[in-house]
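A.B. asks: One structure, pasted below without further comment.
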Amino acid sequence: MTHRFGRTGALSLALVALAAAPGRDTRAQEPEATFERTVADLGNDKPHVRLRAVQSLKQSAPPEAAIPLTRSIADPEDDIQVQAIAGELNIFLAEKVIPRKRVGLVVEVRNSISAPSLFDQGPGVFDPRPVPADVLNALRAASHDDNARVSVEALYAFGALSDNAYGPSRRALLSASVTELVAALGSEHAEVRGAAIRVITRVYSWRMGDAAVDQQVGDAVVTALNDREPQIRLVAMDALGGLRYDRGVQALTDTYQHFDRGTTAAAALGALARIGHASSGSLFSTALASRDVPIRVAGIEGLARAGAVEQLGAITGVLANEKNPDVLLAGHFASVLLANGAVDELVAGLAHDKLRSRALRYLVDIAPGRARLLGPHLEGPQAGFRVDLLDVLGLSGDPDALTIARRLQQDADPAAARAARRAVMRLQGSDPPSL
């Protein structure tokens, strides 16, 4: 059966290069390109034919093209590789990036597809349906391309789409990605190393149900603390916190004690606070008296995650005359973990741009066993709140969260409905049909 391009699966398209020619009605002069013929052109010996085919599939973004496009991710031509990576991203975007209609002789083109930009926007920009392992494998393999630009695009695309691996597929992904991501972290190109450390943070940051991070990954991140690029060193600290890597505690402690104050010290203690190892208790306690807000925040967080109930009085004392919103939010976080306090102030933090990322992190940490407390906050009119809280519930591993998320799969807001479906897939711990 011959398929033609279209959003519903009946697929048809006009050849991109010819369609762009001004003043020319190609529909009357050129035959339509079938999906099968376009896919076959991906293996053509002429680069311009392969490029045209990749661009056609990228623009139409049919789900059926996800697997065929993987061969183009390994194409010898860099431009074809970049277009293929963009094509894979477009296939899974919730809102496709397509050319606008022609107005007179001018074709209005929407923003290009940038893997780093989509990575930064988070999983919410993608449809939650699972990404086939073949696609993720091809993207990960392209991280070792001779062209640094291709490597960076491939790494960020892999990291962005890895959120769409659930249950057994996620566990397999964590195992299969070790060697290649560690190798990318050793690249001679700083931009590749920077991308690799951020992707490792996204992929391996601990979730309920995850085993401890592979030692090769964790040790490679510890090594990155000595990278010649200061920004990579800072991101490596954040990564160790996200991975909750105990073997990184000593290196982070040494870094904190060496700098004592400033950005680097705060990053090191912040990472220690996310790990929450008991051996760091004295550092956290001392940090409560610091004049630096980030240090005080890390001290409170660290004591909370370490379960230092005996320090609750000291934390309360610090908060007595405190006005800084970051420190106050950390205090509410400690109250929840150490005294089973109310979650309302943490949820309220989502409404403040400067507090949102920290509030989200706190909510993810306190969510297991507290889904019923978070559930009533999903009844509000603001869709952004529902999206954030559904993301939190999806990572909670809490059986009560599954009931809540299922109910919101038909939410009137498309972003909230997608977040609910993603939460259900994560909580079920198994993969539905991929395409």
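Going through the structure tokens in order, the chains are called A, B, and so on, while each chain numbers its residues from 1 and the ligands are numbered from 1 in the order shown.
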DSSP on the backbone: which residues in range 42-212 of chain A end up as strand (DSSP E)? Give the answer as a ChimeraX atom specification.

C.D. replies: /A:102-103,106-107

A.B. asks: Residues of the last selection are to be written out with N, CA and C atoms, as a short mmCIF file (atom, residue, chain, number, x, y, z; two decimals), in the first residue's frame.

C.D. replies:
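As a result, selection36.cif now contains:
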data_model
loop_
_atom_site.label_atom_id
_atom_site.label_comp_id
_atom_site.auth_asym_id
_atom_site.auth_seq_id
_atom_site.Cartn_x
_atom_site.Cartn_y
_atom_site.Cartn_z
N ARG A 102 2.42 29.97 2.12
CA ARG A 102 2.99 30.99 1.25
C ARG A 102 2.05 32.19 1.15
N VAL A 103 2.63 33.38 1.26
CA VAL A 103 1.88 34.61 1.09
C VAL A 103 2.48 35.33 -0.11
N VAL A 106 6.34 34.86 -1.03
CA VAL A 106 7.19 34.72 0.15
C VAL A 106 6.71 33.55 1.00
N VAL A 107 7.64 32.70 1.40
CA VAL A 107 7.33 31.60 2.31
C VAL A 107 7.79 32.00 3.70
#

A.B. asks: Would you list the contacts of Ala314 in chain A as a PyMOL selection string, taking every protein, DNA or RNA residue within 12 Å and counting only C-alpha atoms, but skipping same-chain residues closer than 3 positions in sequence?

C.D. replies: chain A and resi 284-289+296+299-300+303-304+308-311+317-320+331+334

A.B. asks: Looking only at helix (DSSP H, G or I) from DSSP on the backbone, list the matching residues of range 217-293 of chain A as a ChimeraX atom specification.

C.D. replies: /A:217-226,230-243,246-259,262-275,278-287,293

A.B. asks: Could you tell me which of A:Arg407, A:Gln231, A:Ser60, A:Gly270 comes closest to Ala33 in chain A if we count only C-alpha atoms?

C.D. replies: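 Using only C-alpha atoms, Ala33 in chain A sits closest to A:Ser60.
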
A.B. asks: Quick one: residues within 8 Å of Thr201 in chain A, only C-alpha atoms counted, chain neighbours fewer than 6 positions away excluded, as an MDAnalysis selection string?

C.D. replies: chainID A and resid 238:240 242:243

A.B. asks: Could you please take those selected residues and save N, CA and C atoms as an mmCIF file, in the first residue's frame?

C.D. replies:
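The resulting file, part07.cif, is reproduced below:
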data_model
loop_
_atom_site.group_PDB
_atom_site.id
_atom_site.type_symbol
_atom_site.label_atom_id
_atom_site.label_comp_id
_atom_site.auth_asym_id
_atom_site.auth_seq_id
_atom_site.Cartn_x
_atom_site.Cartn_y
_atom_site.Cartn_z
ATOM 1 N N ASP A 238 26.755 20.233 40.202
ATOM 2 C CA ASP A 238 25.301 20.056 40.162
ATOM 3 C C ASP A 238 24.943 18.628 39.770
ATOM 4 N N ALA A 239 25.714 18.063 38.842
ATOM 5 C CA ALA A 239 25.454 16.696 38.405
ATOM 6 C C ALA A 239 25.634 15.705 39.545
ATOM 7 N N LEU A 240 26.692 15.864 40.319
ATOM 8 C CA LEU A 240 26.916 14.943 41.437
ATOM 9 C C LEU A 240 25.780 15.019 42.442
ATOM 10 N N GLY A 242 22.636 15.828 41.659
ATOM 11 C CA GLY A 242 21.495 15.172 41.025
ATOM 12 C C GLY A 242 21.619 13.660 41.030
ATOM 13 N N LEU A 243 22.830 13.169 40.838
ATOM 14 C CA LEU A 243 23.075 11.726 40.827
ATOM 15 C C LEU A 243 23.078 11.137 42.239
#

A.B. asks: Any idea what's packed within 10 Å of Gly384 in chain A, counting only C-alpha atoms, ignoring anything in its chain fewer than 4 positions away? Could you give it as a ChimeraX atom specification?

C.D. replies: /A:350-351,378,380,388-390,413,415-416

A.B. asks: Env of range 131-144 of chain A: 9 Å cut, atoms = only C-alpha atoms, seq-sep filter 6 positions within chain, self excluded. Answer as a PyMOL selection string.

C.D. replies: chain A and resi 66-67+69-71+73-74+81+85+88+92+150-159+161-165+169+173+176-177+180-181+183-184+187+192+196+434-435

A.B. asks: Just to be explicit: take each residue in the selection above, keep C-alpha atoms, and write the result as a CSV table (one decimal), in the first residue's frame.

C.D. replies:
chain,number,residue,atom,x,y,z
A,66,ALA,CA,11.4,7.9,13.1
A,67,ILE,CA,13.2,4.6,12.4
A,69,LEU,CA,15.7,8.7,9.7
A,70,THR,CA,18.2,6.9,12.0
A,71,ARG,CA,20.3,6.0,9.1
A,73,ILE,CA,21.9,10.5,11.6
A,74,ALA,CA,25.0,8.5,10.6
A,81,GLN,CA,23.0,14.6,10.0
A,85,ILE,CA,18.5,15.0,14.2
A,88,GLU,CA,13.7,13.2,14.9
A,92,PHE,CA,8.1,13.9,18.8
A,150,VAL,CA,26.9,17.3,15.1
A,151,SER,CA,28.0,15.8,18.4
A,152,VAL,CA,26.4,18.6,20.4
A,153,GLU,CA,23.1,18.5,18.5
A,154,ALA,CA,23.0,14.7,18.9
A,155,LEU,CA,23.8,14.8,22.6
A,156,TYR,CA,21.1,17.4,23.4
A,157,ALA,CA,18.6,15.6,21.2
A,158,PHE,CA,19.4,12.3,23.0
A,159,GLY,CA,19.0,14.0,26.4
A,161,LEU,CA,14.1,12.5,24.1
A,162,SER,CA,15.5,10.2,26.8
A,163,ASP,CA,12.7,11.5,29.1
A,164,ASN,CA,10.4,9.5,26.9
A,165,ALA,CA,11.8,6.2,28.0
A,169,SER,CA,13.1,0.9,28.6
A,173,LEU,CA,18.7,3.1,28.5
A,176,ALA,CA,23.3,1.1,27.5
A,177,SER,CA,24.4,4.7,27.7
A,180,GLU,CA,29.3,6.4,25.2
A,181,LEU,CA,28.3,9.3,27.5
A,183,ALA,CA,33.5,8.9,26.4
A,184,ALA,CA,31.7,12.2,25.3
A,187,SER,CA,36.0,14.9,24.4
A,192,VAL,CA,30.9,18.6,23.7
A,196,ALA,CA,27.7,15.6,27.9
A,434,SER,CA,5.7,3.5,21.0
A,435,LEU,CA,4.3,4.8,17.7
